[in-house]
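Everything on this sheet refers to the single structure shown next.
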Amino acid sequence: MYVNNSIYPKMAALNIRKNAKIYVPYIIMGIFVIACYYMMHSLSSNNTIKNMSGGDYVISMVQLGVGVVSIFAVIFLFYINSFLMKRRKKELGLYNVLGMEKRHIARMLFFENVYVVVTDMAAGLAVGMILSKLMFLLLMKLINTGTVIGFEICAESVQATIIFFLLIFAVMFLYNILKIGMSNPVELLQGGMVGEKEPKTKVLIALIGLVMLGAGYLFAFKTKSPFNALNLFFLAVAAVIIGTYCLFTAGSIAVLKLLRKNKKFYYHPTHFTIVSGMLYRMKQNAVGLANICILSTMVLISISTTVCMYSGIEKSVSERCPREINVSAELTEEYFDTAASEVDAAVDEIVSSNNAQKKNTRAFRSYTIIANEDKKGSYSIPTDTDSSYAAAMLGENGTTFDCIPLEDFNTVMGTDYSLSDGEVLLYDTKNTELTSVELNAGGQSRVFKVKDTELKNGDEILSDSGIVPNEFLMVVKDFDTFKSVYYMINGAESTDSASSAAVSGGTKVYYYLGFDTDLSTDEGIELTKQIYGIDIPSAYVQAENKIQMRQEYYQLYGGFLFLGMFVGILFSVATALVIYYKQISEGYEDRERFDIMQKVGMSYDEVKRTIRSQVLMVFFLPLVVAGIHVAVSFRVIKMILKMLSMTEPTLFMAVTLITLLVFAVMYTIVFMITTKAYYGIVKREA
C-alpha cells in the first residue's frame, strides 16, 4: 500500500488530539519528571552548596534525590506507556486491517513520539530552570543558611537531562515497535479485551503473600534491638512489599471466591453484582492497586519521618550539647584521681588566653557499662573481646549503664541525695522498677540495692541514644565505688592492681565539661577548636560547639527533609497518575458491563450504585492497607529515629497522624476528580 510520507506527521498530531484523555497526562508526567531531574541534578552540581561548610551532607542528599528521580522516571514512564499502548492496540489493529503496513504504523508512532519528546523536553527544561532557583532557596532555608545566589542555568545538567530522557523515550519507542511487529491484526484488534476470563485462584501466591507480610509485621512487633531494627529494616520493607503485591493479586481473588461460595451471601442482588464485578476488577487492576498502596506508604513514611526529624533538631542539639562549648575528655586510668582537675586547668588557661569567662558550668565523670540482661535485675558484662561487646550491643537483651559518682550528680543537678554502702540510684526513661542490680564480670559479682528514690530530670545526664533496648543512669555512692566497679569490669581484682588491668577496650572513663561564654559565634568556634585535642598526658580531649552542631544538624536533617518532601511530592503525583489511569482503564472496561446490566433489568440508578460501591471499596482499599503498614512500622521507625537523636515519640506520632490525614484528604480529592472522568466514559457509551 502506498502512503504519502507527508501524511505521517498529520496523522500523529490527529491521534494525539483524538486520544487527549490518555496522552495529556502522559505528556504532563514527562514534563514533571524532566523538570524534577533537572532541578535535582543542577542542585547536585551547585558550587555554592559544594563550597559551604557542611556542604557534603547536602550534596549527598541531593545526589540521592537524583537517583530516586532516575528510577522513578524509568518505572513510571514505562508504566504509562504500557497503558497507553494497551488502549491504542485496537486502533492500531484497525489501521493494519485497513491496509497500513506495520512499517507505516511505525513511522506514524515515530512522529507521535517526536511530538511528545519535543514538548516534554522543552516544557520540562523550562519548568525545571524556573523552579530550580525556588528549590535552591527552599533548600537554603531548610538547612538554615542565608546564602543566596543569582539565577543561573547549569549547562551540564541540561545536557545530562536531555541524554537521559532521550535514551528512555528511545527504548520505549523500540519496545512499542517490537510489540506491534510481533502481533497480528487480530491480536491488536482484541488487545483491549485481553484478560476477560475468570481469574484463577493462586493459592500458593496468596500463601506466600501472607507469609511475607506476616514476617515483616512480626519483625516490627517483636524486635527489641534498635541495631537489628536498623540493619534488618529494609529486608522487612522488601518482605512487606512482596506480601502486598501477592495479596492484592492472589489473596483478594481467593477471598472473593470464598464469598462467592457462601450462597446465602452471594445470591443477593447487590452482593452478586459487587462480588462478581470486583472479581474481574481485582484481576485486571490488582498490580495498580498494589502500586498505589506501596506509593502511599512511601509518601506517608518519607514525609512524616523527615518532618519529625527536622522538627526535633533543637531538642536533639540541646541534649547532645547542653552548653555552648562541650568538652569530652577520655581519662587515662593511672591519672583517674587528678585527670579532671588537669583538664579543668588546661581549659581555663585557653579560655583566659581568649579573654573569655566560663559561665553556667556543668561537669561530671562517667563511664558506660555494656551488658546483657540475663534476667530482670541481673546483668553479665563481657570482658574478653570486642566481638563480645558488639554482641551485647546488637542483642535483644542489650543493656547499658551510664555510671556516675553521687557527688558529681548532686553538683550537676543541684540535689542533695545521699547513699549508703551498696546502694545506687537508678533512672531510665521506661520507668523500669528494680529493687537491686547485679553486675557479673570475669568471675566477679557486685550487687547493689536500688534506693527507692525518684530521680528527677535524670534524662539530662542519661545518654538515651536508643542504640540498645535498655539504657540506665546509675548513680553510685562515691568515687571509690565508681573506680572499683570500673576495675572489676575491666579485669582487675582491685584498685591497687589497676596497672595490670587487662582493659578490653569496651569501657572508658570520661570527664564531661560544658560551659557558656560571652564570646561571639566565630570567637566561640575558634575557642572550641583550640580546646579540641589539648595535649595533656592524663586525658584525650575533644570539644564540640553548640552553634556548629546546630548547623550540622540543620544541614543533615534539612537535607533529609528536602529529600523527603521531594520524594513525597514525586510519589504523590505518581499515586494520582496511577489512580487516574486505573479509573480511565476501568471506565473503558465497565461501559459494556454497564450496558448489559441495564439490558437484564437493572435500573440506571441501581447499576450506578453497584459500580460506585465496587469503585469505593477497591479504591480506598490501598489507602487502608497503607495506613496499616504505617501503623505497624511505627514502632521500628521510632527506634531508628531515636538512634538518629530524635527522642520525641509523641511528636512523631502527631506528625504521622497529620500526614495521614492530609494525604487521605488529597487522595479523596483525586478520587472525586478521576471518578468524574470514569462516569463520563461509562455514561457516554451506555
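Starting from 1 in every chain, residues are counted up; chains themselves are A, B, ... following the order of the C-alpha cells, and ligands are numbered from 1 as listed.
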(request) List the neighbours of A:Leu406 out to 6 Å using only C-alpha atoms; skip same-chain residues closer than 4 positions along the sequence, and give me the result as an MDAnalysis selection string. (result) chainID A and resid 475:478
Would you save the residues of that selection, restricted to N, CA and C atoms, as a JSON list (two decimals), in the first residue's frame?
[["chain", "number", "residue", "atom", "x", "y", "z"],
["A", 475, "VAL", "N", 23.71, 5.94, 89.58],
["A", 475, "VAL", "CA", 24.49, 6.82, 90.45],
["A", 475, "VAL", "C", 25.01, 6.00, 91.62],
["A", 476, "VAL", "N", 26.36, 5.95, 91.78],
["A", 476, "VAL", "CA", 26.97, 5.17, 92.87],
["A", 476, "VAL", "C", 27.39, 6.10, 94.01],
["A", 477, "LYS", "N", 27.66, 5.51, 95.18],
["A", 477, "LYS", "CA", 27.84, 6.29, 96.41],
["A", 477, "LYS", "C", 28.97, 7.31, 96.32],
["A", 478, "ASP", "N", 30.16, 6.92, 95.81],
["A", 478, "ASP", "CA", 31.30, 7.83, 95.81],
["A", 478, "ASP", "C", 32.26, 7.45, 94.69]]
(request) From stretch 321-399 of chain A, collect each residue whose DSSP state is strand (DSSP E or B) and return the set as a list in words. (result) Ile325, Asn326, Val327, Ser328, Ala329, Glu330, Leu331, Lys359, Asn360, Thr361, Arg362, Ala363, Phe364, Arg365, Ser366, Tyr367, Thr368, Ile369, Ile370, Ala371, Asn372, Glu373, Asp374, Lys375, Ser378, Tyr379, Ser380, Gly398 and Thr399 of chain A
Residues just named, written with N, CA and C atoms as an mmCIF file, in the first residue's frame:
data_model
loop_
_atom_site.group_PDB
_atom_site.id
_atom_site.type_symbol
_atom_site.label_atom_id
_atom_site.label_comp_id
_atom_site.auth_asym_id
_atom_site.auth_seq_id
_atom_site.Cartn_x
_atom_site.Cartn_y
_atom_site.Cartn_z
ATOM 1 N N ILE A 325 29.867 25.380 74.756
ATOM 2 C CA ILE A 325 31.068 24.578 74.476
ATOM 3 C C ILE A 325 31.028 23.346 75.367
ATOM 4 N N ASN A 326 31.197 22.175 74.745
ATOM 5 C CA ASN A 326 31.082 20.919 75.478
ATOM 6 C C ASN A 326 32.337 20.087 75.262
ATOM 7 N N VAL A 327 33.033 19.818 76.361
ATOM 8 C CA VAL A 327 34.302 19.102 76.324
ATOM 9 C C VAL A 327 34.076 17.663 76.780
ATOM 10 N N SER A 328 34.643 16.728 76.024
ATOM 11 C CA SER A 328 34.577 15.308 76.385
ATOM 12 C C SER A 328 36.007 14.790 76.463
ATOM 13 N N ALA A 329 36.458 14.438 77.665
ATOM 14 C CA ALA A 329 37.843 14.017 77.865
ATOM 15 C C ALA A 329 37.890 12.554 78.286
ATOM 16 N N GLU A 330 38.553 11.728 77.484
ATOM 17 C CA GLU A 330 38.743 10.321 77.842
ATOM 18 C C GLU A 330 39.932 10.239 78.791
ATOM 19 N N LEU A 331 39.690 9.778 80.022
ATOM 20 C CA LEU A 331 40.711 9.830 81.063
ATOM 21 C C LEU A 331 41.625 8.612 81.011
ATOM 22 N N LYS A 359 30.840 30.399 82.034
ATOM 23 C CA LYS A 359 29.588 30.648 82.748
ATOM 24 C C LYS A 359 28.719 29.395 82.686
ATOM 25 N N ASN A 360 27.874 29.241 83.708
ATOM 26 C CA ASN A 360 26.899 28.142 83.704
ATOM 27 C C ASN A 360 27.601 26.798 83.501
ATOM 28 N N THR A 361 28.658 26.575 84.265
ATOM 29 C CA THR A 361 29.489 25.377 84.094
ATOM 30 C C THR A 361 28.759 24.120 84.557
ATOM 31 N N ARG A 362 29.036 23.030 83.839
ATOM 32 C CA ARG A 362 28.423 21.722 84.131
ATOM 33 C C ARG A 362 29.506 20.668 83.923
ATOM 34 N N ALA A 363 29.854 19.876 84.987
ATOM 35 C CA ALA A 363 30.957 18.928 84.868
ATOM 36 C C ALA A 363 30.667 17.667 85.675
ATOM 37 N N PHE A 364 31.019 16.518 85.088
ATOM 38 C CA PHE A 364 30.870 15.252 85.809
ATOM 39 C C PHE A 364 31.707 14.175 85.127
ATOM 40 N N ARG A 365 32.028 13.115 85.912
ATOM 41 C CA ARG A 365 32.762 11.966 85.391
ATOM 42 C C ARG A 365 31.776 10.811 85.180
ATOM 43 N N SER A 366 32.031 10.034 84.138
ATOM 44 C CA SER A 366 31.090 8.966 83.819
ATOM 45 C C SER A 366 31.752 7.927 82.929
ATOM 46 N N TYR A 367 31.258 6.707 82.988
ATOM 47 C CA TYR A 367 31.598 5.686 82.002
ATOM 48 C C TYR A 367 30.347 4.858 81.734
ATOM 49 N N THR A 368 30.353 4.172 80.598
ATOM 50 C CA THR A 368 29.193 3.378 80.197
ATOM 51 C C THR A 368 29.521 1.897 80.290
ATOM 52 N N ILE A 369 28.691 1.161 81.037
ATOM 53 C CA ILE A 369 28.833 -0.289 81.160
ATOM 54 C C ILE A 369 27.935 -0.944 80.108
ATOM 55 N N ILE A 370 28.526 -1.801 79.296
ATOM 56 C CA ILE A 370 27.768 -2.535 78.275
ATOM 57 C C ILE A 370 27.548 -3.951 78.785
ATOM 58 N N ALA A 371 26.286 -4.396 78.802
ATOM 59 C CA ALA A 371 25.979 -5.685 79.412
ATOM 60 C C ALA A 371 24.827 -6.376 78.683
ATOM 61 N N ASN A 372 24.657 -7.656 79.044
ATOM 62 C CA ASN A 372 23.494 -8.431 78.599
ATOM 63 C C ASN A 372 22.589 -8.672 79.792
ATOM 64 N N GLU A 373 21.297 -8.499 79.615
ATOM 65 C CA GLU A 373 20.344 -8.776 80.692
ATOM 66 C C GLU A 373 20.067 -10.275 80.727
ATOM 67 N N ASP A 374 20.555 -10.955 81.781
ATOM 68 C CA ASP A 374 20.306 -12.390 81.940
ATOM 69 C C ASP A 374 18.888 -12.631 82.437
ATOM 70 N N LYS A 375 18.487 -11.852 83.388
ATOM 71 C CA LYS A 375 17.121 -11.818 83.902
ATOM 72 C C LYS A 375 16.932 -10.440 84.519
ATOM 73 N N SER A 378 19.605 -8.713 86.774
ATOM 74 C CA SER A 378 20.901 -9.384 86.723
ATOM 75 C C SER A 378 21.512 -9.208 85.335
ATOM 76 N N TYR A 379 22.789 -8.759 85.303
ATOM 77 C CA TYR A 379 23.413 -8.394 84.028
ATOM 78 C C TYR A 379 24.830 -8.939 83.968
ATOM 79 N N SER A 380 25.186 -9.559 82.850
ATOM 80 C CA SER A 380 26.543 -10.070 82.637
ATOM 81 C C SER A 380 27.286 -9.117 81.712
ATOM 82 N N GLY A 398 20.410 -6.365 75.101
ATOM 83 C CA GLY A 398 21.499 -5.422 75.340
ATOM 84 C C GLY A 398 21.106 -4.334 76.327
ATOM 85 N N THR A 399 22.038 -4.012 77.219
ATOM 86 C CA THR A 399 21.762 -3.030 78.284
ATOM 87 C C THR A 399 22.994 -2.164 78.505
#
(message) With distances taken over only C-alpha atoms, which residue among A:Tyr554, A:Tyr512, A:Tyr175, A:Tyr38 lies nearest A:Glu156?
(response) A:Tyr38
(message) Residues within 9 Å of stretch 80-85 of chain A, please, as JSON, numbers by chain. Count only C-alpha atoms; anything in the same chain fewer than 2 positions from it doesn't count.
(response) {"A": [22, 23, 25, 26, 29, 75, 76, 77, 78, 87, 88, 89, 172, 176, 577, 578, 581, 585]}
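Between atom CA of A:Val24 and atom CA of A:Glu112 the interatomic distance comes to 12.6 Å.
Distances to A:Ile143 were evaluated for A:Lys449, A:Arg323, A:Arg550, A:Lys376 using only C-alpha atoms, and the minimum falls at A:Arg550.
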(message) Please list as a list in words every residue within 12 Å of A:Arg107, counting only C-alpha atoms and excluding residues in the same chain fewer than 3 positions away.
(response) Val3, Asn4, Asn5, Ser6, Ile7, Tyr8, Pro9, Lys10, Met11, Ala12, Met100, Glu101, Lys102, Arg103, His104, Phe110, Phe111, Glu112, Asn113, Val114, Phe173, Leu174, Asn176 and Ile177 of chain A
Convert the current residue selection to file output with N, CA and C atoms, as a tab-separated table (two decimals), in the first residue's frame.
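Saved the output as again_10.tsv:
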chain	number	residue	atom	x	y	z
A	3	VAL	N	1.58	5.07	0.80
A	3	VAL	CA	1.14	6.13	1.72
A	3	VAL	C	2.06	7.31	1.55
A	4	ASN	N	1.48	8.48	1.33
A	4	ASN	CA	2.25	9.71	1.18
A	4	ASN	C	2.98	10.00	2.49
A	5	ASN	N	4.31	10.17	2.41
A	5	ASN	CA	5.11	10.37	3.62
A	5	ASN	C	4.70	11.62	4.41
A	6	SER	N	4.10	12.60	3.72
A	6	SER	CA	3.71	13.83	4.42
A	6	SER	C	2.50	13.64	5.33
A	7	ILE	N	1.83	12.48	5.18
A	7	ILE	CA	0.63	12.23	5.98
A	7	ILE	C	0.96	11.80	7.41
A	8	TYR	N	2.17	11.23	7.62
A	8	TYR	CA	2.51	10.69	8.94
A	8	TYR	C	2.49	11.76	10.04
A	9	PRO	N	3.13	12.93	9.83
A	9	PRO	CA	3.08	13.96	10.88
A	9	PRO	C	1.65	14.40	11.18
A	10	LYS	N	0.80	14.52	10.15
A	10	LYS	CA	-0.58	14.96	10.36
A	10	LYS	C	-1.36	13.90	11.13
A	11	MET	N	-1.17	12.63	10.74
A	11	MET	CA	-1.86	11.55	11.45
A	11	MET	C	-1.41	11.47	12.92
A	12	ALA	N	-0.13	11.68	13.14
A	12	ALA	CA	0.39	11.64	14.50
A	12	ALA	C	-0.23	12.73	15.36
A	100	MET	N	-2.76	-0.35	6.15
A	100	MET	CA	-1.47	0.21	6.56
A	100	MET	C	-0.54	-0.91	7.01
A	101	GLU	N	0.66	-0.94	6.45
A	101	GLU	CA	1.63	-1.93	6.87
A	101	GLU	C	2.25	-1.50	8.20
A	102	LYS	N	2.88	-2.46	8.85
A	102	LYS	CA	3.43	-2.15	10.17
A	102	LYS	C	4.56	-1.13	10.11
A	103	ARG	N	5.24	-1.07	8.97
A	103	ARG	CA	6.29	-0.04	8.83
A	103	ARG	C	5.66	1.34	8.76
A	104	HIS	N	4.45	1.43	8.17
A	104	HIS	CA	3.75	2.72	8.14
A	104	HIS	C	3.29	3.11	9.54
A	110	PHE	N	6.48	7.01	15.29
A	110	PHE	CA	7.72	7.78	15.43
A	110	PHE	C	7.42	9.27	15.56
A	111	PHE	N	6.54	9.78	14.70
A	111	PHE	CA	6.22	11.21	14.76
A	111	PHE	C	5.43	11.54	16.03
A	112	GLU	N	4.59	10.61	16.48
A	112	GLU	CA	3.91	10.84	17.76
A	112	GLU	C	4.94	10.99	18.88
A	113	ASN	N	5.93	10.12	18.88
A	113	ASN	CA	6.98	10.19	19.90
A	113	ASN	C	7.79	11.47	19.78
A	114	VAL	N	8.05	11.90	18.54
A	114	VAL	CA	8.79	13.15	18.33
A	114	VAL	C	8.03	14.32	18.96
A	173	PHE	N	10.13	3.59	22.57
A	173	PHE	CA	9.67	3.53	21.18
A	173	PHE	C	10.05	2.19	20.54
A	174	LEU	N	11.29	1.76	20.74
A	174	LEU	CA	11.73	0.48	20.18
A	174	LEU	C	10.93	-0.68	20.78
A	176	ASN	N	7.81	-0.52	21.86
A	176	ASN	CA	6.47	-0.48	21.26
A	176	ASN	C	6.47	-1.07	19.85
A	177	ILE	N	7.48	-0.70	19.06
A	177	ILE	CA	7.57	-1.21	17.68
A	177	ILE	C	7.75	-2.72	17.68
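Take atom CA of A:Ile681 and atom CA of A:Gly587: the distance between them is 5.7 Å.
For the atom pair formed by atom CA of A:Gly533 and atom CA of A:Val509, the distance is 16.8 Å, given to one decimal.
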(message) Quick one: residues within 9 Å of A:Thr332, only C-alpha atoms, excluding same-chain residues fewer than 5 positions away - as a count of residues only?
(response) 7
Stretch 340-350 of chain A: which residues within 8 Å, counting only C-alpha atoms, same-chain residues fewer than 2 positions away excluded, as a CSV table (one decimal) with C-alpha atoms, in the first residue's frame?
chain,number,residue,atom,x,y,z
A,329,ALA,CA,37.8,14.0,77.9
A,331,LEU,CA,40.7,9.8,81.1
A,336,PHE,CA,41.9,9.0,87.4
A,337,ASP,CA,42.2,11.0,90.7
A,338,THR,CA,43.8,14.1,89.1
A,352,SER,CA,41.7,33.1,79.7
A,353,SER,CA,44.1,33.5,76.7
A,354,ASN,CA,41.0,34.2,74.6
A,365,ARG,CA,32.8,12.0,85.4
A,511,TYR,CA,35.1,13.7,82.1
A,527,LEU,CA,37.9,28.7,71.2
A,530,GLN,CA,41.8,25.4,70.5
A,531,ILE,CA,40.4,23.2,73.2
A,534,ILE,CA,44.7,19.6,74.2
A,536,ILE,CA,48.0,16.6,78.3
A,538,SER,CA,46.0,12.5,81.7
A,539,ALA,CA,43.3,12.7,79.0
(request) Please provide as a PyMOL selection string all residues within 12 Å of A:Val625, with the sequence filter that same-chain residues fewer than 4 positions apart are discarded (counting only C-alpha atoms). (result) chain A and resi 213+240-241+243-245+247-248+289-297+618-621+629-632
